[in-house]
$ cat entry-v5.cif   # mmCIF, C-alpha atoms
data_query
loop_
_atom_site.label_atom_id
_atom_site.label_comp_id
_atom_site.auth_asym_id
_atom_site.auth_seq_id
_atom_site.Cartn_x
_atom_site.Cartn_y
_atom_site.Cartn_z
CA MET G 1 75.62 95.12 63.64
CA HIS G 2 76.82 92.44 61.25
CA ALA G 3 73.68 90.57 60.18
CA LEU G 4 75.19 87.10 60.61
CA TYR G 5 76.32 87.68 64.20
CA LYS G 6 73.10 89.49 65.09
CA GLU G 7 71.17 86.36 64.17
CA ILE G 8 73.26 83.97 66.20
CA ILE G 9 74.33 86.07 69.19
CA ARG G 10 71.94 88.48 70.86
CA ILE G 11 72.96 91.03 73.46
CA ILE G 12 69.99 91.42 75.77
CA GLU G 13 69.92 94.74 77.63
CA ARG G 14 68.63 94.82 81.19
CA GLU G 15 69.22 98.52 81.77
CA GLN G 16 69.39 101.74 79.79
CA ILE G 17 72.90 101.87 78.28
CA PRO G 18 74.59 105.28 78.54
CA LYS G 19 76.45 106.71 75.53
CA GLY G 20 80.10 107.78 75.47
CA THR G 21 81.39 105.08 77.82
CA THR G 22 84.67 103.16 77.69
CA MET G 23 84.05 99.47 77.02
CA ILE G 24 86.41 97.09 78.82
CA PHE G 25 86.87 93.36 78.08
CA GLY G 26 87.99 90.78 80.65
CA PHE G 27 88.01 87.33 79.09
CA PRO G 28 89.67 84.10 80.30
CA ASP G 29 93.22 83.96 78.98
CA VAL G 30 96.76 83.41 80.28
CA GLY G 31 97.02 83.95 84.05
CA LEU G 32 93.28 84.78 84.03
CA VAL G 33 94.52 88.38 84.17
CA GLY G 34 91.48 89.86 82.41
CA VAL G 35 88.92 87.92 84.45
CA ILE G 36 90.57 88.64 87.81
CA ALA G 37 90.88 92.33 86.89
CA ALA G 38 87.25 92.45 85.71
CA SER G 39 85.99 90.70 88.83
CA HIS G 40 87.89 93.21 90.98
CA LEU G 41 86.41 96.15 89.05
CA ILE G 42 82.88 94.77 89.49
CA THR G 43 83.35 94.48 93.27
CA GLU G 44 85.24 97.71 93.87
CA LEU G 45 83.07 99.90 91.64
CA SER G 46 79.83 98.07 92.54
CA LEU G 47 79.06 97.62 88.85
CA LYS G 48 75.58 96.36 87.94
CA GLU G 49 74.76 93.81 85.26
CA VAL G 50 73.39 95.89 82.38
CA ALA G 51 73.30 93.31 79.56
CA TYR G 52 74.15 89.72 78.71
CA ALA G 53 74.90 87.56 75.69
CA ASP G 54 72.42 84.94 74.57
CA SER G 55 73.24 82.42 71.88
CA THR G 56 72.67 78.80 70.97
CA LEU G 57 76.39 78.74 70.10
CA LEU G 58 77.25 79.01 73.78
CA PRO G 59 77.79 75.77 75.71
CA PRO G 60 74.70 74.67 77.67
CA ILE G 61 75.86 76.44 80.82
CA THR G 62 74.11 78.79 83.14
CA VAL G 63 75.91 80.43 86.05
CA LEU G 64 73.85 80.41 89.24
CA HIS G 65 74.14 83.38 91.57
CA GLU G 66 71.87 83.38 94.63
CA GLY G 67 69.88 80.58 92.98
CA LEU G 68 69.13 82.56 89.82
CA PRO G 69 70.47 81.77 86.34
CA HIS G 70 72.85 84.11 84.52
CA SER G 71 74.54 83.99 81.14
CA PRO G 72 78.24 83.13 81.41
CA ILE G 73 78.95 86.23 79.28
CA ARG G 74 77.68 89.41 80.84
CA ILE G 75 78.17 93.15 80.59
CA PHE G 76 78.43 95.17 83.76
CA GLY G 77 78.56 98.92 83.93
CA ASN G 78 77.91 102.36 85.34
CA HIS G 79 77.65 105.78 83.69
CA LYS G 80 81.39 105.74 82.76
CA ILE G 81 82.30 102.18 81.78
CA LEU G 82 80.86 99.01 80.30
CA LEU G 83 82.67 95.81 81.25
CA ALA G 84 82.22 92.59 79.24
CA VAL G 85 83.29 89.52 81.17
CA SER G 86 83.05 85.77 80.70
CA GLU G 87 82.70 83.42 83.64
CA THR G 88 83.58 80.40 81.55
CA ALA G 89 86.55 79.60 79.33
CA LEU G 90 85.69 80.74 75.83
CA ARG G 91 85.73 77.89 73.32
CA GLU G 92 88.15 78.53 70.47
CA ASP G 93 85.43 78.57 67.79
CA LEU G 94 83.42 81.12 69.80
CA VAL G 95 86.17 83.72 70.13
CA TYR G 96 85.39 85.37 66.78
CA PRO G 97 81.59 85.52 66.96
CA ILE G 98 81.41 86.50 70.64
CA THR G 99 84.12 89.16 70.50
CA ARG G 100 82.83 90.66 67.27
CA SER G 101 79.21 90.74 68.40
CA LEU G 102 80.18 92.48 71.65
CA ILE G 103 82.18 95.06 69.70
CA ASP G 104 79.30 95.61 67.26
CA TRP G 105 76.99 96.14 70.22
CA GLY G 106 79.46 98.54 71.88
CA VAL G 107 79.75 100.54 68.65
CA GLU G 108 75.94 100.73 68.44
CA LYS G 109 75.90 102.08 72.00
CA GLY G 110 78.37 104.83 71.10
CA THR G 111 81.31 103.75 73.25
CA LYS G 112 84.30 106.07 72.76
CA LEU G 113 87.09 103.57 73.43
CA MET G 114 87.42 99.78 73.75
CA ILE G 115 90.07 98.37 76.10
CA SER G 116 90.86 94.69 76.58
CA LEU G 117 92.72 93.57 79.68
CA SER G 118 94.91 90.52 79.43
CA GLY G 119 98.31 88.99 80.04
CA LEU G 120 101.58 88.46 78.30
CA PRO G 121 103.06 85.13 79.41
CA VAL G 122 106.74 85.19 80.33
CA PRO G 123 108.70 81.99 81.03
CA ASP G 124 110.65 83.48 83.97
CA ARG G 125 107.59 85.08 85.62
CA GLN G 126 108.47 83.72 89.06
CA GLY G 127 111.77 85.56 89.01
CA LEU G 128 110.22 88.92 88.09
CA GLU G 129 109.80 91.39 90.93
CA GLU G 130 108.37 94.23 88.84
CA LEU G 131 105.84 93.32 86.15
CA LYS G 132 105.69 95.38 82.98
CA VAL G 133 102.54 96.26 81.08
CA PHE G 134 102.58 96.51 77.30
CA ALA G 135 100.06 98.04 74.93
CA ALA G 136 98.93 97.56 71.36
CA ALA G 137 96.24 99.62 69.65
CA SER G 138 93.86 99.63 66.70
CA ASN G 139 95.21 102.92 65.31
CA PRO G 140 98.29 105.18 65.66
CA GLU G 141 96.40 107.84 67.69
CA VAL G 142 95.41 105.42 70.44
CA LEU G 143 98.91 103.94 70.40
CA LYS G 144 100.40 107.42 70.89
CA MET G 145 97.97 108.11 73.74
CA ALA G 146 99.23 104.96 75.51
CA GLN G 147 102.84 105.91 74.83
CA ASP G 148 102.26 109.42 76.18
CA LYS G 149 100.94 107.81 79.37
CA GLY G 150 104.27 105.99 79.73
CA ILE G 151 103.09 102.54 78.63
CA GLU G 152 105.55 100.45 76.65
CA ILE G 153 104.39 99.37 73.20
CA LEU G 154 104.29 95.75 72.09
CA LYS G 155 106.04 96.47 68.82
CA GLU G 156 106.44 93.13 67.07
CA GLY G 157 105.03 89.69 67.72
CA TYR G 158 101.95 87.52 67.62
CA MET G 159 98.83 88.01 69.70
CA VAL G 160 96.40 85.10 70.13
CA GLY G 161 92.93 85.11 71.69
CA PRO G 162 89.96 87.46 72.16
CA GLN G 163 92.19 90.56 72.44
CA ALA G 164 93.73 89.72 69.04
CA VAL G 165 90.28 89.52 67.45
CA MET G 166 89.22 92.72 69.20
CA LEU G 167 92.20 94.71 67.99
CA GLN G 168 91.98 93.46 64.41
CA TYR G 169 88.21 93.96 64.17
CA CYS G 170 88.32 97.45 65.71
CA ALA G 171 91.12 98.41 63.30
CA MET G 172 88.92 97.24 60.43
CA LEU G 173 85.89 99.20 61.70
CA GLY G 174 87.95 102.28 62.54
CA VAL G 175 87.01 102.00 66.23
CA PRO G 176 89.60 103.26 68.78
CA ALA G 177 90.79 100.25 70.78
CA LEU G 178 93.61 99.40 73.12
CA THR G 179 94.90 96.14 74.53
CA LEU G 180 96.76 96.20 77.83
CA LEU G 181 98.90 93.15 78.57
CA ALA G 182 100.64 92.57 81.90
CA GLN G 183 103.53 90.14 82.16
CA CYS G 184 102.13 87.03 83.82
CA PHE G 185 102.21 83.28 84.38
CA PHE G 186 100.93 81.23 81.47
CA ASN G 187 99.13 78.52 83.41
CA TYR G 188 98.58 79.98 86.87
CA PRO G 189 96.07 82.62 88.03
CA ASP G 190 98.05 85.83 88.49
CA PRO G 191 96.37 88.48 90.73
CA GLU G 192 99.58 90.59 90.78
CA ALA G 193 99.46 90.86 86.99
CA ALA G 194 95.76 91.79 87.24
CA ALA G 195 96.71 94.61 89.64
CA LYS G 196 99.38 95.83 87.21
CA VAL G 197 97.00 95.89 84.25
CA LEU G 198 94.42 97.76 86.35
CA GLU G 199 97.05 100.35 87.33
CA GLN G 200 97.49 101.16 83.64
CA LEU G 201 93.74 101.09 83.04
CA MET G 202 93.43 103.79 85.73
CA ASN G 203 96.29 105.68 84.09
CA ILE G 204 94.45 105.65 80.74
CA THR G 205 90.86 106.20 81.86
CA GLY G 206 91.23 108.18 85.07
CA LEU G 207 89.18 105.57 86.98
CA LYS G 208 90.00 105.27 90.68
CA VAL G 209 90.13 101.72 92.03
CA ASP G 210 91.67 100.43 95.26
CA LEU G 211 93.97 97.55 94.29
CA SER G 212 95.06 96.48 97.79
CA LYS G 213 92.66 93.50 97.98
CA LEU G 214 94.27 91.94 94.91
CA PHE G 215 97.50 91.67 96.93
CA GLU G 216 95.93 90.90 100.32
CA LYS G 217 93.65 88.19 98.89
CA GLY G 218 96.13 86.94 96.29
CA GLU G 219 96.31 83.41 97.72
CA GLU G 220 92.53 83.16 98.05
CA ILE G 221 92.06 84.29 94.43
CA ARG G 222 94.62 81.76 93.20
CA LEU G 223 92.85 78.97 95.05
CA LYS G 224 89.39 79.95 93.80
CA ALA G 225 90.54 80.40 90.20
CA ARG G 226 92.11 76.93 89.84
CA ASP G 227 89.23 75.25 88.03
CA MET G 228 88.64 78.13 85.64
CA MET G 229 92.38 78.23 84.90
CA ARG G 230 92.33 74.48 84.18
CA ARG G 231 89.47 74.86 81.67
CA THR G 232 91.11 77.92 80.13
CA GLN G 233 94.39 76.00 79.67
CA GLN G 234 92.54 73.46 77.51
CA GLU G 235 91.13 76.18 75.26
CA LEU G 236 94.46 78.03 75.08
CA MET G 237 96.08 74.83 73.81
CA LYS G 238 93.44 74.55 71.09
CA MET G 239 93.91 78.14 69.92
CA LYS G 240 97.71 77.63 69.89
CA LYS G 241 98.39 80.38 72.43
CA THR G 242 102.07 79.41 72.60
CA GLN G 243 102.46 81.04 69.19
CA GLU G 244 102.87 84.27 71.18
CA PHE G 245 106.37 83.00 72.05
CA ASP G 246 107.25 82.70 68.33
CA ILE G 247 109.58 85.12 66.61
CA PRO G 248 107.70 86.53 63.64
CA LEU G 249 109.09 86.78 60.13
CA TYR G 250 108.02 89.99 58.49
CA ILE G 251 108.31 90.35 54.77
CA THR G 252 108.96 94.02 54.10
CA MET W 1 84.80 31.85 61.71
CA GLU W 2 86.67 31.69 58.41
CA ALA W 3 87.88 35.28 58.89
CA LYS W 4 88.90 34.60 62.46
CA ARG W 5 91.19 31.70 61.51
CA ARG W 6 93.05 33.90 59.01
CA ARG W 7 94.02 36.50 61.62
CA SER W 8 97.72 36.47 62.26
CA ILE W 9 99.39 37.06 65.57
CA PHE W 10 100.43 40.49 64.27
CA ASP W 11 96.80 41.44 63.61
CA MET W 12 95.91 40.37 67.12
CA VAL W 13 98.75 42.41 68.62
CA ASP W 14 97.70 45.43 66.54
CA GLU W 15 94.13 45.03 67.70
CA TYR W 16 95.26 44.72 71.30
CA PHE W 17 97.23 47.98 71.09
CA GLU W 18 94.33 49.73 69.36
CA ARG W 19 92.04 48.72 72.20
CA LEU W 20 94.62 49.71 74.78
CA LYS W 21 94.94 53.14 73.13
CA GLU W 22 91.16 53.54 73.15
CA TRP W 23 90.99 52.65 76.83
CA THR W 24 93.87 54.96 77.69
CA GLU W 25 92.20 57.87 75.90
CA ARG W 26 88.91 57.14 77.64
CA PHE W 27 90.66 56.82 80.99
CA GLU W 28 92.54 60.09 80.46
CA LYS W 29 89.26 61.84 79.76
CA ILE W 30 87.66 60.51 82.93
CA PHE W 31 90.83 61.31 84.86
CA PHE W 32 90.87 64.91 83.66
CA GLU W 33 87.16 65.47 84.11
CA ARG W 34 87.06 64.39 87.72
CA PRO W 35 86.72 67.13 90.39
CA SER W 36 89.91 68.87 91.49
CA TRP W 37 89.01 68.21 95.12
CA ASP W 38 88.39 65.14 97.27
CA CYS W 39 86.22 65.49 100.38
CA LYS W 40 87.15 62.05 101.74
CA THR W 41 90.84 62.85 101.94
CA CYS W 42 90.27 66.62 102.46
CA THR W 43 92.66 67.30 99.57
CA ILE W 44 92.74 69.78 96.72
CA GLU W 45 94.65 69.04 93.53
CA PRO W 46 96.89 72.01 92.74
CA LEU W 47 97.63 73.42 89.30
CA GLN W 48 100.93 72.16 87.93
CA ASP W 49 103.12 72.65 84.92
CA ILE W 50 106.13 70.91 83.44
CA TYR W 51 108.99 72.17 81.24
CA VAL W 52 111.55 69.92 79.63
CA THR W 53 114.86 71.58 78.77
CA PRO W 54 117.97 69.86 77.30
CA ASP W 55 119.49 69.65 80.82
CA GLU W 56 116.61 69.31 83.21
CA VAL W 57 112.91 68.89 83.83
CA ILE W 58 111.27 71.70 85.78
CA VAL W 59 107.98 70.99 87.53
CA THR W 60 106.13 73.96 89.02
CA VAL W 61 103.11 73.70 91.30
CA ASP W 62 100.90 76.54 92.50
CA LEU W 63 100.41 76.09 96.25
CA PRO W 64 98.57 79.08 97.70
CA TYR W 65 98.08 78.84 101.49
CA ALA W 66 100.69 76.05 101.69
CA GLU W 67 102.71 75.73 104.91
CA GLU W 68 106.28 75.70 103.67
CA ASN W 69 107.70 73.22 106.21
CA THR W 70 105.06 70.61 105.34
CA ILE W 71 105.86 70.41 101.63
CA ARG W 72 106.89 66.91 100.57
CA VAL W 73 108.21 65.90 97.17
CA MET W 74 108.60 62.13 96.91
CA PRO W 75 109.61 59.98 93.95
CA ILE W 76 107.09 57.12 93.89
CA ASN W 77 108.73 55.32 90.99
CA LYS W 78 111.35 56.09 88.36
CA ASP W 79 109.13 58.48 86.41
CA THR W 80 106.57 59.84 88.89
CA ILE W 81 106.79 62.22 91.82
CA GLU W 82 104.17 62.86 94.47
CA ILE W 83 103.81 66.38 95.82
CA SER W 84 101.89 67.18 98.97
CA ALA W 85 101.57 70.07 101.41
CA GLU W 86 99.43 71.04 104.38
CA MET W 87 97.52 74.30 104.14
CA LYS W 88 97.98 77.15 106.61
CA ARG W 89 94.25 77.15 107.22
CA LYS W 90 91.31 74.93 106.42
CA VAL W 91 89.27 75.94 103.41
CA SER W 92 85.65 74.88 103.07
CA PHE W 93 83.10 75.02 100.26
CA ASP W 94 81.47 77.84 102.24
CA ASP W 95 84.59 79.95 101.63
CA PHE W 96 83.89 79.66 97.89
CA GLY W 97 80.23 80.58 98.40
CA ILE W 98 79.15 77.00 97.66
CA THR W 99 76.41 75.63 99.89
CA HIS W 100 75.29 72.51 97.98
CA TYR W 101 78.44 70.54 98.88
CA ARG W 102 79.84 69.97 102.33
CA GLY W 103 83.52 69.51 103.06
CA GLU W 104 86.76 71.02 104.24
CA PHE W 105 90.21 70.91 102.74
CA ASN W 106 93.51 71.15 104.52
CA ARG W 107 95.99 69.58 102.13
CA PHE W 108 97.27 69.71 98.56
CA ARG W 109 98.24 66.55 96.76
CA CYS W 110 99.14 65.66 93.20
CA GLU W 111 101.19 63.21 91.19
CA THR W 112 103.34 64.29 88.27
CA ARG W 113 104.64 61.99 85.57
CA ILE W 114 108.06 63.00 84.28
CA PRO W 115 108.13 62.44 80.50
CA VAL W 116 111.89 61.79 80.09
CA PRO W 117 114.48 59.87 82.20
CA VAL W 118 115.74 61.96 85.14
CA ASP W 119 118.05 61.54 88.11
CA MET W 120 115.63 61.58 91.04
CA LYS W 121 118.50 61.58 93.57
CA ARG W 122 119.71 64.99 92.35
CA MET W 123 116.29 66.63 92.67
CA GLU W 124 116.29 70.27 93.81
CA VAL W 125 113.23 71.83 95.43
CA ARG W 126 112.50 75.54 95.94
CA PHE W 127 109.43 77.28 97.34
CA ARG W 128 108.86 80.97 96.76
CA LYS W 129 105.75 83.14 96.97
CA GLY W 130 103.47 80.11 97.17
CA MET W 131 105.00 78.49 94.10
CA LEU W 132 106.90 75.21 94.27
CA GLU W 133 109.68 74.53 91.79
CA VAL W 134 111.17 71.05 91.42
CA ARG W 135 114.26 70.69 89.21
CA LEU W 136 115.30 67.23 88.04
CA PRO W 137 118.53 66.81 86.02
CA ARG W 138 117.96 64.75 82.87
CA LYS W 139 119.63 61.38 82.50
CA TYR W 140 121.03 60.30 79.14
CA ASP W 141 121.70 56.56 79.10
CA TYR W 142 123.17 56.42 75.60
CA GLU W 143 124.57 58.71 72.98
CA ILE W 144 124.37 58.34 69.21
CA PRO W 145 127.70 59.29 67.66
CA VAL W 146 127.57 61.83 64.82
CA GLU W 147 129.73 60.73 61.91
#
$ encode --input "entry-v5.cif" --output "structure tokens"
Amino acid sequence: MHALYKEIIRIIEREQIPKGTTMIFGFPDVGLVGVIAASHLITELSLKEVAYADSTLLPPITVLHEGLPHSPIRIFGNHKILLAVSETALREDLVYPITRSLIDWGVEKGTKLMISLSGLPVPDRQGLEELKVFAAASNPEVLKMAQDKGIEILKEGYMVGPQAVMLQYCAMLGVPALTLLAQCFFNYPDPEAAAKVLEQLMNITGLKVDLSKLFEKGEEIRLKARDMMRRTQQELMKMKKTQEFDIPLYIT
Amino acid sequence: MEAKRRRSIFDMVDEYFERLKEWTERFEKIFFERPSWDCKTCTIEPLQDIYVTPDEVIVTVDLPYAEENTIRVMPINKDTIEISAEMKRKVSFDDFGITHYRGEFNRFRCETRIPVPVDMKRMEVRFRKGMLEVRLPRKYDYEIPVE
């Protein structure tokens, strides 16, 4: 692990971590797609908390569950997957250190593939009946694997947020990584987009997850996720998330 | 005292606006940081968004559980609309797993400030899949000729 990050962010393990898992990331972002998807995976697969992040860089927040304190950034898992999730909007200046330290930890634990789940905001989301999922990868082999599974590739454009850091850092380390992005609302929690991104996660990993509750409880999820969405909006503004709408100029 | 006498009316006006700006910023912070629910009025403040295009202003509001026929969109002055809706069912803190607060909610309510002049009389309202869309045509009172 990078010495600097190891000093400031510690990943504390609560359980024995199996090798050869797929590590999934669900962080607060547009439409809270990653967080809603992660929360659904935790419930449906009965994932246990196996590790958590500890750092003085984190805001002074503890998340209480059944009266006991938990780190806002935790890793859940079973023998097949590890799932890193944040229960609080990630401050802009924490995106790099947190994402990189989680990746370093995952590499140490011998994960075979990293996948981040997120959204791709579209202005006419309300008018879309069928949501598309796009993929980008850290190397051509992983990109081809996604293409072979029928997932459309996000060929050109900007990516902003934890998934951007993950992809770039994994490419630098030579770690296989994939980002799955479902078309979604920018500023509203989007359980339908979370279901779409999970469909493609199942397609890639072979996991079996019942998605029906994401549709049945869509309204409930949207109501519960309001405050987290509000906080996430503030951070997205700071990290200039709207740059994803920009048309890039490539100098070739 | 000497310094005070030398202050011009312009300095005083500048100072007044500086203070006003400070207070506005502080007020905005308090306003944003308040809870998104109000137990006294049993209301929840919904998430909202606003887009300004050359022709219109589009306000969207996320209203899960809203009863469509109770949705009200009312202009309360020339640049603010009030949006409210009853919920199909009451929601309590218990439903969110919260036991340290008591209260039930049965209504959404929010106010939206429209940043440019609009024609409130030509407002169009649509509700689809729990999402409210309010379209307000923009009003241009003057035009600068291009020479």
$ atom_distance --input "entry-v5.cif" --atom1 "atom CA of G:Phe25" --atom2 "atom CA of G:Glu220"
23.1 Å
$ residues_around --input "entry-v5.cif" --residues "stretch 82-99 of chain G" --least-positions-apart "4" --cutoff "7 Å" --atoms "all atoms listed in the file" --output "PyMOL selection string"
chain G and resi 5+21-28+35+38+72-78+103+162+165-166+228+231-232+235+238-239
$ closest_atom_pairs --input "entry-v5.cif" --of "chain G" --to "chain W" --cutoff "9 Å" --atoms "all atoms listed in the file" --output "CSV"
residue,atom,partner,partner_atom,distance
G:Gln126,CA,W:Met131,CA,8.0
G:Asn187,CA,W:Asp49,CA,7.3
G:Tyr188,CA,W:Asp62,CA,7.0
G:Pro189,CA,W:Asp62,CA,9.0
G:Gly218,CA,W:Pro64,CA,8.3
G:Glu219,CA,W:Pro64,CA,4.9
G:Glu220,CA,W:Pro64,CA,7.3
G:Ile221,CA,W:Pro64,CA,9.0
G:Arg222,CA,W:Pro64,CA,6.6
G:Leu223,CA,W:Pro64,CA,6.3
G:Lys224,CA,W:Phe96,CA,6.9
G:Arg226,CA,W:Leu47,CA,6.6
G:Asp227,CA,W:Ser36,CA,7.3
G:Met229,CA,W:Leu47,CA,8.4
G:Arg230,CA,W:Leu47,CA,7.4
$ closest_residue --input "entry-v5.cif" --among "G:Thr242, G:Thr205, G:Ser71, G:Thr111" --to "G:Met145" --atoms "only C-alpha atoms"
G:Thr205
$ atom_distance --input "entry-v5.cif" --atom1 "atom CA of W:Phe108" --atom2 "atom CA of G:Gln183"
26.9 Å
$ residues_around --input "entry-v5.cif" --residues "G:Leu41" --least-positions-apart "6" --cutoff "9 Å" --atoms "all atoms listed in the file" --output "number ranges by chain"
G: 47, 83, 198, 209
$ atom_distance --input "entry-v5.cif" --atom1 "atom CA of G:Ala137" --atom2 "atom CA of G:Lys112"
13.9 Å
$ resolve_selection --input "entry-v5.cif" --expression "the PyMOL selection byres ((chain G and resi 247) around 9)" --output "PyMOL selection string"
chain G and resi 156-158+243-246+248-249
$ resolve_selection --input "entry-v5.cif" --expression "the PyMOL selection byres ((chain W and resi 140) around 10)" --output "PyMOL selection string"
chain W and resi 55+116-119+137-139+141-143
$ residues_around --input "entry-v5.cif" --residues "G:Gln168" --least-positions-apart "5" --cutoff "9 Å" --atoms "all atoms listed in the file" --output "list in words"
Ser138, Gln163 and Leu173 of chain G
$ resolve_selection --input "entry-v5.cif" --expression "the PyMOL selection byres ((chain W and resi 88) around 10)" --output "PyMOL selection string"
chain W and resi 64-68+70+85-87+89-91+106-107
$ closest_residue --input "entry-v5.cif" --among "G:Pro60, G:Gly206, G:Pro123, G:Gly106" --to "W:Ile50" --atoms "only C-alpha atoms"
G:Pro123
$ closest_residue --input "entry-v5.cif" --among "W:Ile76, W:Glu18, W:Ser84, W:Arg34" --to "W:Arg109" --atoms "all atoms listed in the file"
W:Ser84
$ closest_residue --input "entry-v5.cif" --among "G:Thr43, G:Thr179, G:Thr56, G:Gln234" --to "G:Leu211" --atoms "all atoms listed in the file"
G:Thr43
$ axis_aligned_box --input "entry-v5.cif" --around "stretch 156-172 of chain G" --padding-each-side "6 Å" --output "AutoDock Vina command-line options"
--center_x 97.3 --center_y 91.8 --center_z 66.4 --size_x 30.2 --size_y 25.3 --size_z 24.0
$ closest_residue --input "entry-v5.cif" --among "G:Gly119, G:Gly127, G:Pro176, G:Gly31" --to "G:Leu143" --atoms "all atoms listed in the file"
G:Pro176
$ residues_near_point --input "entry-v5.cif" --point "(66.5, 95.6, 80.1)" --cutoff "10 Å" --atoms "all atoms listed in the file" --output "PDB file with C-alpha atoms, keeping the file's coordinate frame"
ATOM      1  CA  ILE G  12      69.990  91.420  75.770  1.00  0.00           C
ATOM      2  CA  GLU G  13      69.920  94.740  77.630  1.00  0.00           C
ATOM      3  CA  ARG G  14      68.630  94.820  81.190  1.00  0.00           C
ATOM      4  CA  GLU G  15      69.220  98.520  81.770  1.00  0.00           C
ATOM      5  CA  GLN G  16      69.390 101.740  79.790  1.00  0.00           C
ATOM      6  CA  ILE G  17      72.900 101.870  78.280  1.00  0.00           C
ATOM      7  CA  GLU G  49      74.760  93.810  85.260  1.00  0.00           C
ATOM      8  CA  VAL G  50      73.390  95.890  82.380  1.00  0.00           C
ATOM      9  CA  ALA G  51      73.300  93.310  79.560  1.00  0.00           C
ATOM     10  CA  TYR G  52      74.150  89.720  78.710  1.00  0.00           C
TER      11      TYR G  52
END
